[in-house]
Amino acid sequence: MGDDDAVAQLLDLARDIFGTPVAALARPGGDHPVVELTSSTLDPRATVRLLAGTDLAREALSVEVRRPDGVPGGRLLGVPASAAEPLDARQVEALHVVAALVAGVLHHRDRRSAEHRGRLASLDALVAGRGRRTVLQPVVDLRSGAVVGAEALSRFTGEDGYPRGPEQVFADARDSGMGVRLERAALESALTLLPALPAGAYLSVNASAEALLDAATRQVLLASQPERVVVEVTEHHRVDDYAALVESTAELRAEGLRLAVDDAGSGFASLQHVLHLSPDVVKLDIAFVRGIDGDPARRAVARALVGFASEVGATLVAEGVERPAELEVLRELEVDCAQGYLLGRPAPPPLRAVGGDDTTTIVLPRDPRP
């Protein structure tokens with residue numbers, strides 16, 4: 001039940017207690033109270049005439065609505081069609097209870113509204129770049145050790161100075177209707193880092209299907225160096241029209257941009273992406289990488305995706321590699337590329353990889369066990 005529905009039911013109760021044909025919630029409004037909601041047994045026109053002919057500021061049948069914090073929140077009014085008897089003690093007591101319930105609903109509604117406005121203001125700041133930065137994590141070829149690309153990741157800081165989780169920030173933006181705006185701003189910031197990458201390396205950026213269906217977002221991607229960009233299609237929302245998504249990305253791919261499916265194997269949505277989008281890059285989800293050296297089931301999933309990627313001509317990238325033993329198994333399975341803390345942590349540019357003398361090649365860690 002919504003807040004207005006709850007107040008409407010309480011007004012129905014108040015009208016019965018007043019014993020009048022109309023009850024109203026009047027909020028402060030300068031010299032004259034403003035009727036926010038009514039409960040009436042009359043038809044709408046008769047209700048309007050009765051309210052217009054009543055001096056609500058002087059109406060005797062009323063009870064104050066006072067918020068839990070003590071701030072006046074208006075009045076409950078009983079509007080009689082003719083002269084009415086004064087309220088007795090039992091009516092007044094019952095109406096005070098109703099007024100307290102109304103005050104509670106209004107207090108929580110206004111607090112949620114203020115929080116919503118605060119989130120919008122915070123998101124506006126993040127879109128503008130305040131409290132948002134971009135870090136890069138290297139993607140390494142498991143055959144040569146060459147850094148072939150980097151994933152751009154957004155990092156957020158709240159007004160209190162503490163980090164905010166990217167997933168939650170983007171979820172808040174989507175819920176507030178600002179998801180595509182924030183994604184587009186993050187893409188614009190990420191694409192400025194292309195010059196920081198080694199020559200020939202690609203930049204991998206994240207975008208939802210909703211963002212890719214947005215013409216302005218596609219224009220941002222086309223205005224960069226699309227032949228050096230990989231877009232990882234995230235699965236924040238179910239895609240209802242893959243034909244439209246394929247059509248929207250066709251222009252990007254014609255200019256050399258490549259598509260990747262993120263978190264492959266983690267759920268139905270990612271498998272749908274793989275089947276419908278014919279990606280150039282498939283990213284093996286961290287859930288199948290972590291502990292792969294000791295789990296035959298994880299190895300079976302990775303082996304299957306190696307075969308699939310080879311069959312369709314895609315590059316397989318393993319995510320979340322943190323231990324040499326995991327890396328060893330991935331190399332044995334002939335996984336193409338990998339990223340993870342073992343190979344390089346997300347950091348501001350310039351791009352940093354573990355080991356080696358520069359950012360273009362690293363010495364791949366080995367499992368120390370015999």
# chains A, B, ... in the order shown; residues from 1 in each chain; ligands from 1
>>> residues_around(residues="Ala186 (chain A)", least_positions_apart="3", cutoff="8 Å", atoms="only C-alpha atoms", output="list in words")
Val127, Thr134, Ser154, Leu182, Glu183, Ser189 and Ala190 of chain A
>>> select_by_dssp(residues="region 184-282 of chain A", states="alpha helix (DSSP H)", output="NGL selection string")
:A and (184-191 or 209-212 or 215-222 or 242-254 or 268-277)
>>> residues_around(residues="region 114-123 of chain A", least_positions_apart="3", cutoff="12 Å", atoms="only C-alpha atoms", output="number ranges by chain")
A: 107-111, 126-132, 156-160, 164, 168-183, 185
>>> write_last_selection(atoms="N, CA and C atoms", output="mmCIF file, in the first residue's frame")
data_model
loop_
_atom_site.group_PDB
_atom_site.id
_atom_site.type_symbol
_atom_site.label_atom_id
_atom_site.label_comp_id
_atom_site.auth_asym_id
_atom_site.auth_seq_id
_atom_site.Cartn_x
_atom_site.Cartn_y
_atom_site.Cartn_z
ATOM 1 N N HIS A 107 5.526 11.751 7.719
ATOM 2 C CA HIS A 107 6.926 11.904 8.112
ATOM 3 C C HIS A 107 7.816 10.959 7.310
ATOM 4 N N HIS A 108 7.415 9.704 7.219
ATOM 5 C CA HIS A 108 8.218 8.729 6.485
ATOM 6 C C HIS A 108 8.215 9.034 4.984
ATOM 7 N N ARG A 109 7.082 9.488 4.464
ATOM 8 C CA ARG A 109 7.022 9.836 3.045
ATOM 9 C C ARG A 109 7.966 10.985 2.728
ATOM 10 N N ASP A 110 7.928 12.023 3.554
ATOM 11 C CA ASP A 110 8.782 13.181 3.289
ATOM 12 C C ASP A 110 10.259 12.845 3.489
ATOM 13 N N ARG A 111 10.546 11.961 4.445
ATOM 14 C CA ARG A 111 11.939 11.561 4.660
ATOM 15 C C ARG A 111 12.455 10.783 3.450
ATOM 16 N N LEU A 126 28.255 12.729 -9.275
ATOM 17 C CA LEU A 126 29.048 11.636 -9.843
ATOM 18 C C LEU A 126 29.078 11.708 -11.364
ATOM 19 N N VAL A 127 27.938 12.058 -11.966
ATOM 20 C CA VAL A 127 27.911 12.216 -13.423
ATOM 21 C C VAL A 127 28.879 13.312 -13.845
ATOM 22 N N ALA A 128 28.938 14.367 -13.053
ATOM 23 C CA ALA A 128 29.832 15.487 -13.372
ATOM 24 C C ALA A 128 31.304 15.147 -13.098
ATOM 25 N N GLY A 129 31.535 14.027 -12.413
ATOM 26 C CA GLY A 129 32.910 13.596 -12.176
ATOM 27 C C GLY A 129 33.383 13.757 -10.753
ATOM 28 N N ARG A 130 32.588 14.422 -9.896
ATOM 29 C CA ARG A 130 32.997 14.600 -8.504
ATOM 30 C C ARG A 130 32.746 13.306 -7.738
ATOM 31 N N GLY A 131 33.772 12.782 -7.097
ATOM 32 C CA GLY A 131 33.641 11.533 -6.365
ATOM 33 C C GLY A 131 33.711 10.304 -7.257
ATOM 34 N N ARG A 132 34.133 10.476 -8.501
ATOM 35 C CA ARG A 132 34.251 9.345 -9.430
ATOM 36 C C ARG A 132 35.612 9.384 -10.102
ATOM 37 N N PHE A 156 34.080 4.930 -6.797
ATOM 38 C CA PHE A 156 33.266 6.036 -6.296
ATOM 39 C C PHE A 156 33.584 6.322 -4.839
ATOM 40 N N THR A 157 33.488 7.586 -4.489
ATOM 41 C CA THR A 157 33.677 8.030 -3.110
ATOM 42 C C THR A 157 32.469 8.874 -2.706
ATOM 43 N N GLY A 158 31.897 8.558 -1.547
ATOM 44 C CA GLY A 158 30.745 9.305 -1.053
ATOM 45 C C GLY A 158 31.148 10.657 -0.491
ATOM 46 N N GLU A 159 30.136 11.453 -0.155
ATOM 47 C CA GLU A 159 30.409 12.781 0.409
ATOM 48 C C GLU A 159 31.124 12.682 1.745
ATOM 49 N N ASP A 160 30.993 11.514 2.416
ATOM 50 C CA ASP A 160 31.674 11.312 3.693
ATOM 51 C C ASP A 160 33.131 10.897 3.514
ATOM 52 N N ARG A 164 32.338 3.885 -2.118
ATOM 53 C CA ARG A 164 31.007 3.330 -2.363
ATOM 54 C C ARG A 164 31.124 2.238 -3.414
ATOM 55 N N GLN A 168 26.435 -0.959 -6.332
ATOM 56 C CA GLN A 168 25.350 -0.268 -5.650
ATOM 57 C C GLN A 168 25.120 1.115 -6.249
ATOM 58 N N VAL A 169 26.197 1.811 -6.597
ATOM 59 C CA VAL A 169 26.052 3.144 -7.192
ATOM 60 C C VAL A 169 25.299 3.059 -8.509
ATOM 61 N N PHE A 170 25.699 2.126 -9.372
ATOM 62 C CA PHE A 170 25.020 2.001 -10.659
ATOM 63 C C PHE A 170 23.575 1.531 -10.474
ATOM 64 N N ALA A 171 23.325 0.680 -9.468
ATOM 65 C CA ALA A 171 21.948 0.252 -9.188
ATOM 66 C C ALA A 171 21.101 1.428 -8.726
ATOM 67 N N ASP A 172 21.652 2.274 -7.852
ATOM 68 C CA ASP A 172 20.928 3.474 -7.403
ATOM 69 C C ASP A 172 20.623 4.390 -8.585
ATOM 70 N N ALA A 173 21.602 4.513 -9.491
ATOM 71 C CA ALA A 173 21.394 5.375 -10.655
ATOM 72 C C ALA A 173 20.280 4.824 -11.539
ATOM 73 N N ARG A 174 20.261 3.518 -11.744
ATOM 74 C CA ARG A 174 19.187 2.928 -12.552
ATOM 75 C C ARG A 174 17.836 3.140 -11.897
ATOM 76 N N ASP A 175 17.772 2.912 -10.585
ATOM 77 C CA ASP A 175 16.503 3.076 -9.866
ATOM 78 C C ASP A 175 16.019 4.519 -9.895
ATOM 79 N N SER A 176 16.937 5.456 -10.016
ATOM 80 C CA SER A 176 16.585 6.882 -10.038
ATOM 81 C C SER A 176 16.403 7.420 -11.453
ATOM 82 N N GLY A 177 16.491 6.543 -12.440
ATOM 83 C CA GLY A 177 16.326 6.976 -13.828
ATOM 84 C C GLY A 177 17.557 7.650 -14.404
ATOM 85 N N MET A 178 18.717 7.489 -13.754
ATOM 86 C CA MET A 178 19.937 8.138 -14.213
ATOM 87 C C MET A 178 21.005 7.126 -14.624
ATOM 88 N N GLY A 179 20.594 5.865 -14.786
ATOM 89 C CA GLY A 179 21.567 4.824 -15.060
ATOM 90 C C GLY A 179 22.357 5.054 -16.321
ATOM 91 N N VAL A 180 21.682 5.362 -17.416
ATOM 92 C CA VAL A 180 22.376 5.545 -18.689
ATOM 93 C C VAL A 180 23.272 6.782 -18.635
ATOM 94 N N ARG A 181 22.807 7.843 -17.982
ATOM 95 C CA ARG A 181 23.634 9.058 -17.868
ATOM 96 C C ARG A 181 24.940 8.761 -17.149
ATOM 97 N N LEU A 182 24.866 8.008 -16.042
ATOM 98 C CA LEU A 182 26.080 7.703 -15.296
ATOM 99 C C LEU A 182 26.975 6.764 -16.093
ATOM 100 N N GLU A 183 26.396 5.786 -16.767
ATOM 101 C CA GLU A 183 27.204 4.887 -17.603
ATOM 102 C C GLU A 183 27.928 5.669 -18.706
ATOM 103 N N ALA A 185 28.746 8.831 -18.718
ATOM 104 C CA ALA A 185 29.815 9.644 -18.136
ATOM 105 C C ALA A 185 31.035 8.781 -17.811
#
>>> select_by_dssp(residues="region 160-309 of chain A", states="strand (DSSP E)", output="ChimeraX atom specification")
/A:163-164,202-207,229-233,258-264,281-284
>>> residues_around(residues="region 93-100 of chain A", least_positions_apart="3", cutoff="6 Å", atoms="only C-alpha atoms", output="list in words")
Val65, Arg90 and Ala103 of chain A
>>> closest_atom_pairs(of="region 101-203 of chain A", to="region 343-351 of chain A", cutoff="6 Å", atoms="only C-alpha atoms", output="Markdown table")
| residue | atom | partner | partner_atom | distance |
| --- | --- | --- | --- | --- |
| A:Val135 | CA | A:Pro348 | CA | 4.4 |
| A:Leu136 | CA | A:Pro346 | CA | 5.0 |
| A:Gln137 | CA | A:Pro346 | CA | 4.3 |
| A:Pro138 | CA | A:Gly344 | CA | 5.9 |
| A:Ala196 | CA | A:Pro350 | CA | 5.7 |
>>> atom_distance(atom1="CA of Ala6 (chain A)", atom2="CA of Gly104 (chain A)")
10.6 Å
